[in-house]
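Enquirer: Input start_29.pdb, format and content: PDB, C-alpha atoms.
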ATOM      1  CA  SER L   1     126.852  50.067  79.385  1.00  0.00           C
ATOM      2  CA  SER L   2     126.956  52.968  81.817  1.00  0.00           C
ATOM      3  CA  ALA L   3     129.409  51.124  84.071  1.00  0.00           C
ATOM      4  CA  ALA L   4     131.828  50.740  81.159  1.00  0.00           C
ATOM      5  CA  MET L   5     131.453  54.414  80.295  1.00  0.00           C
ATOM      6  CA  VAL L   6     132.148  55.430  83.897  1.00  0.00           C
ATOM      7  CA  PHE L   7     135.201  53.194  83.908  1.00  0.00           C
ATOM      8  CA  ARG L   8     136.497  54.766  80.671  1.00  0.00           C
ATOM      9  CA  VAL L   9     135.991  58.269  82.063  1.00  0.00           C
ATOM     10  CA  ALA L  10     137.735  57.283  85.281  1.00  0.00           C
ATOM     11  CA  SER L  11     140.611  55.771  83.316  1.00  0.00           C
ATOM     12  CA  LEU L  12     140.938  58.931  81.246  1.00  0.00           C
ATOM     13  CA  LEU L  13     140.954  61.046  84.378  1.00  0.00           C
ATOM     14  CA  CYS L  14     143.619  58.812  85.890  1.00  0.00           C
ATOM     15  CA  LEU L  15     145.807  59.181  82.805  1.00  0.00           C
ATOM     16  CA  THR L  16     145.261  62.924  82.675  1.00  0.00           C
ATOM     17  CA  PHE L  17     146.215  63.502  86.273  1.00  0.00           C
ATOM     18  CA  SER L  18     148.970  60.883  86.448  1.00  0.00           C
ATOM     19  CA  ALA L  19     151.658  63.289  85.272  1.00  0.00           C
ATOM     20  CA  SER L  20     151.157  65.643  88.197  1.00  0.00           C
ATOM     21  CA  ALA L  21     149.395  63.433  90.712  1.00  0.00           C
ATOM     22  CA  THR L  22     150.887  61.308  93.386  1.00  0.00           C
ATOM     23  CA  HIS L  23     150.150  57.621  93.742  1.00  0.00           C
ATOM     24  CA  LYS L  24     147.834  58.472  96.660  1.00  0.00           C
ATOM     25  CA  ASP L  25     145.788  60.856  94.456  1.00  0.00           C
ATOM     26  CA  VAL L  26     145.387  58.218  91.780  1.00  0.00           C
ATOM     27  CA  ASP L  27     144.293  55.632  94.348  1.00  0.00           C
ATOM     28  CA  GLY L  28     141.701  58.100  95.641  1.00  0.00           C
ATOM     29  CA  VAL L  29     140.272  58.665  92.166  1.00  0.00           C
ATOM     30  CA  VAL L  30     140.180  54.939  91.454  1.00  0.00           C
ATOM     31  CA  ASN L  31     138.477  54.173  94.778  1.00  0.00           C
ATOM     32  CA  SER L  32     135.840  56.883  94.371  1.00  0.00           C
ATOM     33  CA  THR L  33     135.199  55.752  90.798  1.00  0.00           C
ATOM     34  CA  GLN L  34     134.744  52.185  91.986  1.00  0.00           C
ATOM     35  CA  GLN L  35     132.207  53.410  94.554  1.00  0.00           C
ATOM     36  CA  VAL L  36     130.244  55.188  91.811  1.00  0.00           C
ATOM     37  CA  ILE L  37     130.314  52.081  89.637  1.00  0.00           C
ATOM     38  CA  SER L  38     129.111  49.907  92.519  1.00  0.00           C
ATOM     39  CA  ALA L  39     126.274  52.301  93.296  1.00  0.00           C
ATOM     40  CA  LEU L  40     125.187  52.339  89.633  1.00  0.00           C
ATOM     41  CA  GLN L  41     125.270  48.553  89.459  1.00  0.00           C
ATOM     42  CA  GLU L  42     123.178  48.303  92.623  1.00  0.00           C
ATOM     43  CA  LYS L  43     120.596  50.756  91.290  1.00  0.00           C
ATOM     44  CA  GLY L  44     120.486  48.882  87.990  1.00  0.00           C
ATOM     45  CA  GLY L  45     119.762  45.625  89.812  1.00  0.00           C
ATOM     46  CA  VAL L  46     116.963  47.218  91.805  1.00  0.00           C
ATOM     47  CA  ALA L  47     115.434  48.668  88.622  1.00  0.00           C
ATOM     48  CA  LYS L  48     115.603  45.295  86.860  1.00  0.00           C
ATOM     49  CA  LYS L  49     113.777  43.634  89.748  1.00  0.00           C
ATOM     50  CA  ARG L  50     111.211  46.409  89.999  1.00  0.00           C
ATOM     51  CA  PHE L  51     110.288  46.383  86.315  1.00  0.00           C
ATOM     52  CA  ALA L  52     110.943  42.741  85.506  1.00  0.00           C
ATOM     53  CA  ASN L  53     107.275  41.791  85.471  1.00  0.00           C
ATOM     54  CA  VAL L  54     105.575  44.247  83.104  1.00  0.00           C
ATOM     55  CA  SER L  55     102.300  42.325  83.086  1.00  0.00           C
ATOM     56  CA  GLU L  56     102.033  42.695  86.875  1.00  0.00           C
ATOM     57  CA  PHE L  57     102.713  46.415  86.517  1.00  0.00           C
ATOM     58  CA  ASN L  58     100.002  46.719  83.831  1.00  0.00           C
ATOM     59  CA  GLN L  59      97.570  44.762  85.994  1.00  0.00           C
ATOM     60  CA  LYS L  60      98.129  47.176  88.894  1.00  0.00           C
ATOM     61  CA  LEU L  61      97.538  50.129  86.570  1.00  0.00           C
ATOM     62  CA  ASP L  62      94.282  48.522  85.386  1.00  0.00           C
ATOM     63  CA  GLU L  63      93.163  48.031  88.997  1.00  0.00           C
ATOM     64  CA  ILE L  64      93.846  51.679  89.784  1.00  0.00           C
ATOM     65  CA  GLY L  65      92.015  52.773  86.643  1.00  0.00           C
ATOM     66  CA  ASN L  66      89.001  50.635  87.534  1.00  0.00           C
ATOM     67  CA  ARG L  67      88.847  52.116  91.040  1.00  0.00           C
ATOM     68  CA  VAL L  68      89.051  55.664  89.696  1.00  0.00           C
ATOM     69  CA  GLU L  69      86.432  54.926  87.057  1.00  0.00           C
ATOM     70  CA  ALA L  70      84.082  53.481  89.681  1.00  0.00           C
ATOM     71  CA  ASP L  71      84.390  56.645  91.777  1.00  0.00           C
ATOM     72  CA  PHE L  72      83.971  59.028  88.822  1.00  0.00           C
ATOM     73  CA  ASP L  73      80.806  61.123  89.031  1.00  0.00           C
ATOM     74  CA  ALA L  74      79.835  61.798  85.412  1.00  0.00           C
ATOM     75  CA  GLN L  75      76.875  63.989  86.406  1.00  0.00           C
ATOM     76  CA  LEU L  76      79.002  66.228  88.630  1.00  0.00           C
ATOM     77  CA  TYR L  77      81.696  66.432  85.947  1.00  0.00           C
ATOM     78  CA  SER L  78      79.104  67.464  83.374  1.00  0.00           C
ATOM     79  CA  GLU L  79      77.741  70.153  85.712  1.00  0.00           C
ATOM     80  CA  LYS L  80      81.232  71.531  86.357  1.00  0.00           C
ATOM     81  CA  MET L  81      81.974  71.604  82.628  1.00  0.00           C
ATOM     82  CA  ASP L  82      78.713  73.487  82.021  1.00  0.00           C
ATOM     83  CA  ASP L  83      79.628  75.985  84.769  1.00  0.00           C
ATOM     84  CA  PHE L  84      83.073  76.433  83.256  1.00  0.00           C
ATOM     85  CA  ALA L  85      81.663  76.958  79.753  1.00  0.00           C
ATOM     86  CA  GLU L  86      79.150  79.518  81.035  1.00  0.00           C
ATOM     87  CA  LEU L  87      81.872  81.475  82.835  1.00  0.00           C
ATOM     88  CA  ALA L  88      84.036  81.382  79.703  1.00  0.00           C
ATOM     89  CA  ARG L  89      81.142  82.662  77.607  1.00  0.00           C
ATOM     90  CA  ARG L  90      80.418  85.420  80.134  1.00  0.00           C
ATOM     91  CA  ALA L  91      84.075  86.480  80.332  1.00  0.00           C
ATOM     92  CA  SER L  92      84.319  86.633  76.550  1.00  0.00           C
ATOM     93  CA  GLU L  93      81.067  88.576  76.233  1.00  0.00           C
ATOM     94  CA  LYS L  94      82.075  91.134  78.895  1.00  0.00           C
ATOM     95  CA  ALA L  95      85.519  91.544  77.333  1.00  0.00           C
ATOM     96  CA  LYS L  96      83.973  92.232  73.909  1.00  0.00           C
ATOM     97  CA  GLN L  97      81.513  94.721  75.404  1.00  0.00           C
ATOM     98  CA  SER L  98      84.335  96.418  77.301  1.00  0.00           C
ATOM     99  CA  SER L  99      86.524  96.796  74.232  1.00  0.00           C
ATOM    100  CA  SER L 100      83.675  98.175  72.127  1.00  0.00           C
ATOM    101  CA  SER L 101      82.379 100.625  74.751  1.00  0.00           C
ATOM    102  CA  THR L 102      82.999 104.314  74.112  1.00  0.00           C
ATOM    103  CA  ASN L 103      82.411 105.228  77.764  1.00  0.00           C
ATOM    104  CA  ALA L 104      85.617 104.713  79.765  1.00  0.00           C
ATOM    105  CA  SER L 105      83.917 104.043  83.116  1.00  0.00           C
ATOM    106  CA  ILE L 106      81.533 101.508  81.575  1.00  0.00           C
ATOM    107  CA  ALA L 107      84.441  99.867  79.711  1.00  0.00           C
ATOM    108  CA  GLU L 108      86.380  99.613  82.962  1.00  0.00           C
ATOM    109  CA  GLU L 109      83.393  98.104  84.796  1.00  0.00           C
ATOM    110  CA  LEU L 110      82.814  95.561  82.031  1.00  0.00           C
ATOM    111  CA  GLY L 111      86.523  94.722  82.028  1.00  0.00           C
ATOM    112  CA  GLU L 112      86.378  94.064  85.770  1.00  0.00           C
ATOM    113  CA  GLU L 113      83.349  91.806  85.248  1.00  0.00           C
ATOM    114  CA  ALA L 114      85.265  89.882  82.584  1.00  0.00           C
ATOM    115  CA  GLU L 115      88.221  89.475  84.961  1.00  0.00           C
ATOM    116  CA  ALA L 116      85.888  88.286  87.733  1.00  0.00           C
ATOM    117  CA  ALA L 117      84.419  85.660  85.412  1.00  0.00           C
ATOM    118  CA  LEU L 118      87.942  84.499  84.525  1.00  0.00           C
ATOM    119  CA  ARG L 119      88.873  84.238  88.219  1.00  0.00           C
ATOM    120  CA  ASN L 120      85.718  82.227  88.862  1.00  0.00           C
ATOM    121  CA  MET L 121      86.685  79.830  86.056  1.00  0.00           C
ATOM    122  CA  THR L 122      89.721  78.787  88.096  1.00  0.00           C
ATOM    123  CA  LYS L 123      87.480  78.019  91.059  1.00  0.00           C
ATOM    124  CA  VAL L 124      85.133  75.641  89.230  1.00  0.00           C
ATOM    125  CA  GLY L 125      85.441  72.255  90.899  1.00  0.00           C
ATOM    126  CA  PHE L 126      87.057  73.598  94.082  1.00  0.00           C
ATOM    127  CA  GLU L 127      83.881  74.792  95.805  1.00  0.00           C
TER     128      GLU L 127
END
Show how you would write the structure in this file as structure tokens.
Expert:
Amino acid sequence: SSAAMVFRVASLLCLTFSASATHKDVDGVVNSTQQVISALQEKGGVAKKRFANVSEFNQKLDEIGNRVEADFDAQLYSEKMDDFAELARRASEKAKQSSSSTNASIAEELGEEAEAALRNMTKVGFE
């Protein structure tokens, strides 16, 4: 367990520093290690209580999912997806036209139109 691992590390540290450390230093390390162990044990107990009843947790997730599903507007979502697809098509088309244009000013204008369509894609759903 993590508490045992912390204890082993603390013990190793105590042995390592015992040659040059005073008794007071060792007591300090032991006390601070005990505080860490106590904190970990407390957090472990809280986690066990919090997640002890998985079926209750799953039931709450189902309730949240049902509420979200009830509020979901499929028509609006479909419209936004259509808008997004149209902007993607337009951006791609303008980019192809820009790259195949032999006139630099027209290519630049088409490139700007492609970039504008891409920027608008990020705005779909935020209007």
Enquirer: Which of these, L:Gln41, L:Ser101, L:Thr122, L:Asn31, has the shortest distance to Asp83 (chain L) once you count all atoms listed in the file?
Expert: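 For Asp83 (chain L), the nearest of the candidates is L:Thr122.
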Enquirer: Could you give me the axis-aligned bounding box of region 102-116 of chain L, with 5 Å of padding per side, as centre plus edge lengths in Å to one decimal, as JSON?
Expert:
{"center_x": 84.9, "center_y": 96.8, "center_z": 80.9, "size_x": 16.7, "size_y": 26.9, "size_z": 23.6}
Enquirer: I'd like the residues picked by the PyMOL selection byres ((chain L and resi 108-121) around 10) written out as a ChimeraX atom specification, using the chain letters and numbers from the file.
Expert: /L:80,83-99,101,103-107,122-125
Enquirer: Please report the interatomic distance between CA of Ser38 (chain L) and CA of Val54 (chain L) in Å with one decimal.
Expert: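 Interatomic distance here is 26.0 Å.
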Enquirer: How would region 70-83 of chain L look written as a PDB file, in the first residue's frame with all heavy atoms?
Expert:
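Listed below is the output, part12.pdb:
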ATOM      1  N   ALA L  70     -32.737  15.390 -22.928  1.00  0.00           N
ATOM      2  CA  ALA L  70     -34.042  16.056 -23.028  1.00  0.00           C
ATOM      3  C   ALA L  70     -33.896  17.481 -23.546  1.00  0.00           C
ATOM      4  O   ALA L  70     -34.773  17.987 -24.247  1.00  0.00           O
ATOM      5  CB  ALA L  70     -34.742  16.055 -21.667  1.00  0.00           C
ATOM      6  N   ASP L  71     -32.784  18.125 -23.213  1.00  0.00           N
ATOM      7  CA  ASP L  71     -32.562  19.510 -23.642  1.00  0.00           C
ATOM      8  C   ASP L  71     -31.889  19.616 -25.001  1.00  0.00           C
ATOM      9  O   ASP L  71     -31.726  20.716 -25.528  1.00  0.00           O
ATOM     10  CB  ASP L  71     -31.707  20.254 -22.608  1.00  0.00           C
ATOM     11  CG  ASP L  71     -32.431  20.452 -21.291  1.00  0.00           C
ATOM     12  OD1 ASP L  71     -33.675  20.414 -21.291  1.00  0.00           O
ATOM     13  OD2 ASP L  71     -31.747  20.635 -20.269  1.00  0.00           O
ATOM     14  N   PHE L  72     -31.472  18.496 -25.578  1.00  0.00           N
ATOM     15  CA  PHE L  72     -30.738  18.512 -26.845  1.00  0.00           C
ATOM     16  C   PHE L  72     -31.667  18.865 -27.991  1.00  0.00           C
ATOM     17  O   PHE L  72     -32.729  18.270 -28.166  1.00  0.00           O
ATOM     18  CB  PHE L  72     -30.089  17.150 -27.088  1.00  0.00           C
ATOM     19  CG  PHE L  72     -29.256  17.095 -28.333  1.00  0.00           C
ATOM     20  CD1 PHE L  72     -28.028  17.732 -28.373  1.00  0.00           C
ATOM     21  CD2 PHE L  72     -29.697  16.428 -29.454  1.00  0.00           C
ATOM     22  CE1 PHE L  72     -27.246  17.684 -29.513  1.00  0.00           C
ATOM     23  CE2 PHE L  72     -28.931  16.378 -30.600  1.00  0.00           C
ATOM     24  CZ  PHE L  72     -27.698  17.006 -30.629  1.00  0.00           C
ATOM     25  N   ASP L  73     -31.269  19.839 -28.789  1.00  0.00           N
ATOM     26  CA  ASP L  73     -32.059  20.292 -29.933  1.00  0.00           C
ATOM     27  C   ASP L  73     -31.454  19.686 -31.202  1.00  0.00           C
ATOM     28  O   ASP L  73     -30.494  20.225 -31.765  1.00  0.00           O
ATOM     29  CB  ASP L  73     -32.048  21.819 -29.984  1.00  0.00           C
ATOM     30  CG  ASP L  73     -32.966  22.383 -31.053  1.00  0.00           C
ATOM     31  OD1 ASP L  73     -33.332  21.645 -31.999  1.00  0.00           O
ATOM     32  OD2 ASP L  73     -33.317  23.571 -30.942  1.00  0.00           O
ATOM     33  N   ALA L  74     -31.999  18.580 -31.641  1.00  0.00           N
ATOM     34  CA  ALA L  74     -31.459  17.861 -32.800  1.00  0.00           C
ATOM     35  C   ALA L  74     -31.541  18.706 -34.069  1.00  0.00           C
ATOM     36  O   ALA L  74     -30.619  18.684 -34.891  1.00  0.00           O
ATOM     37  CB  ALA L  74     -32.197  16.541 -32.997  1.00  0.00           C
ATOM     38  N   GLN L  75     -32.612  19.464 -34.221  1.00  0.00           N
ATOM     39  CA  GLN L  75     -32.777  20.307 -35.414  1.00  0.00           C
ATOM     40  C   GLN L  75     -31.694  21.381 -35.465  1.00  0.00           C
ATOM     41  O   GLN L  75     -31.056  21.587 -36.491  1.00  0.00           O
ATOM     42  CB  GLN L  75     -34.173  20.953 -35.418  1.00  0.00           C
ATOM     43  CG  GLN L  75     -34.429  21.880 -36.596  1.00  0.00           C
ATOM     44  CD  GLN L  75     -34.407  21.165 -37.936  1.00  0.00           C
ATOM     45  OE1 GLN L  75     -34.827  20.019 -38.032  1.00  0.00           O
ATOM     46  NE2 GLN L  75     -33.902  21.829 -38.948  1.00  0.00           N
ATOM     47  N   LEU L  76     -31.472  22.057 -34.342  1.00  0.00           N
ATOM     48  CA  LEU L  76     -30.445  23.098 -34.292  1.00  0.00           C
ATOM     49  C   LEU L  76     -29.065  22.504 -34.533  1.00  0.00           C
ATOM     50  O   LEU L  76     -28.245  23.073 -35.257  1.00  0.00           O
ATOM     51  CB  LEU L  76     -30.489  23.819 -32.940  1.00  0.00           C
ATOM     52  CG  LEU L  76     -29.473  24.933 -32.750  1.00  0.00           C
ATOM     53  CD1 LEU L  76     -29.686  26.040 -33.773  1.00  0.00           C
ATOM     54  CD2 LEU L  76     -29.556  25.483 -31.331  1.00  0.00           C
ATOM     55  N   TYR L  77     -28.798  21.341 -33.945  1.00  0.00           N
ATOM     56  CA  TYR L  77     -27.517  20.669 -34.141  1.00  0.00           C
ATOM     57  C   TYR L  77     -27.314  20.346 -35.620  1.00  0.00           C
ATOM     58  O   TYR L  77     -26.232  20.577 -36.171  1.00  0.00           O
ATOM     59  CB  TYR L  77     -27.452  19.395 -33.294  1.00  0.00           C
ATOM     60  CG  TYR L  77     -26.177  18.634 -33.451  1.00  0.00           C
ATOM     61  CD1 TYR L  77     -25.021  19.042 -32.785  1.00  0.00           C
ATOM     62  CD2 TYR L  77     -26.104  17.506 -34.269  1.00  0.00           C
ATOM     63  CE1 TYR L  77     -23.830  18.349 -32.930  1.00  0.00           C
ATOM     64  CE2 TYR L  77     -24.915  16.815 -34.422  1.00  0.00           C
ATOM     65  CZ  TYR L  77     -23.783  17.230 -33.754  1.00  0.00           C
ATOM     66  OH  TYR L  77     -22.609  16.542 -33.911  1.00  0.00           O
ATOM     67  N   SER L  78     -28.335  19.847 -36.262  1.00  0.00           N
ATOM     68  CA  SER L  78     -28.253  19.508 -37.679  1.00  0.00           C
ATOM     69  C   SER L  78     -27.970  20.758 -38.518  1.00  0.00           C
ATOM     70  O   SER L  78     -27.136  20.725 -39.434  1.00  0.00           O
ATOM     71  CB  SER L  78     -29.558  18.853 -38.133  1.00  0.00           C
ATOM     72  OG  SER L  78     -29.525  18.592 -39.512  1.00  0.00           O
ATOM     73  N   GLU L  79     -28.632  21.859 -38.185  1.00  0.00           N
ATOM     74  CA  GLU L  79     -28.406  23.115 -38.912  1.00  0.00           C
ATOM     75  C   GLU L  79     -26.967  23.597 -38.731  1.00  0.00           C
ATOM     76  O   GLU L  79     -26.327  24.034 -39.696  1.00  0.00           O
ATOM     77  CB  GLU L  79     -29.386  24.184 -38.429  1.00  0.00           C
ATOM     78  CG  GLU L  79     -30.821  23.927 -38.835  1.00  0.00           C
ATOM     79  CD  GLU L  79     -31.815  24.863 -38.159  1.00  0.00           C
ATOM     80  OE1 GLU L  79     -31.383  25.809 -37.459  1.00  0.00           O
ATOM     81  OE2 GLU L  79     -33.025  24.637 -38.333  1.00  0.00           O
ATOM     82  N   LYS L  80     -26.454  23.510 -37.519  1.00  0.00           N
ATOM     83  CA  LYS L  80     -25.082  23.950 -37.253  1.00  0.00           C
ATOM     84  C   LYS L  80     -24.084  23.064 -37.991  1.00  0.00           C
ATOM     85  O   LYS L  80     -23.070  23.549 -38.505  1.00  0.00           O
ATOM     86  CB  LYS L  80     -24.782  23.948 -35.746  1.00  0.00           C
ATOM     87  CG  LYS L  80     -25.613  24.927 -34.959  1.00  0.00           C
ATOM     88  CD  LYS L  80     -25.332  26.343 -35.354  1.00  0.00           C
ATOM     89  CE  LYS L  80     -26.188  27.299 -34.556  1.00  0.00           C
ATOM     90  NZ  LYS L  80     -26.036  28.677 -35.004  1.00  0.00           N
ATOM     91  N   MET L  81     -24.345  21.772 -38.035  1.00  0.00           N
ATOM     92  CA  MET L  81     -23.464  20.859 -38.765  1.00  0.00           C
ATOM     93  C   MET L  81     -23.485  21.173 -40.259  1.00  0.00           C
ATOM     94  O   MET L  81     -22.447  21.130 -40.923  1.00  0.00           O
ATOM     95  CB  MET L  81     -23.864  19.405 -38.513  1.00  0.00           C
ATOM     96  CG  MET L  81     -23.532  18.924 -37.110  1.00  0.00           C
ATOM     97  SD  MET L  81     -21.783  19.074 -36.682  1.00  0.00           S
ATOM     98  CE  MET L  81     -21.047  17.943 -37.832  1.00  0.00           C
ATOM     99  N   ASP L  82     -24.662  21.490 -40.793  1.00  0.00           N
ATOM    100  CA  ASP L  82     -24.762  21.869 -42.206  1.00  0.00           C
ATOM    101  C   ASP L  82     -23.977  23.149 -42.474  1.00  0.00           C
ATOM    102  O   ASP L  82     -23.271  23.253 -43.488  1.00  0.00           O
ATOM    103  CB  ASP L  82     -26.226  22.045 -42.617  1.00  0.00           C
ATOM    104  CG  ASP L  82     -27.002  20.740 -42.674  1.00  0.00           C
ATOM    105  OD1 ASP L  82     -26.370  19.660 -42.670  1.00  0.00           O
ATOM    106  OD2 ASP L  82     -28.250  20.801 -42.706  1.00  0.00           O
ATOM    107  N   ASP L  83     -24.117  24.140 -41.573  1.00  0.00           N
ATOM    108  CA  ASP L  83     -23.364  25.395 -41.714  1.00  0.00           C
ATOM    109  C   ASP L  83     -21.867  25.123 -41.708  1.00  0.00           C
ATOM    110  O   ASP L  83     -21.104  25.655 -42.516  1.00  0.00           O
ATOM    111  CB  ASP L  83     -23.707  26.374 -40.584  1.00  0.00           C
ATOM    112  CG  ASP L  83     -25.132  26.897 -40.656  1.00  0.00           C
ATOM    113  OD1 ASP L  83     -25.787  26.738 -41.714  1.00  0.00           O
ATOM    114  OD2 ASP L  83     -25.587  27.472 -39.642  1.00  0.00           O
TER     115      ASP L  83
END
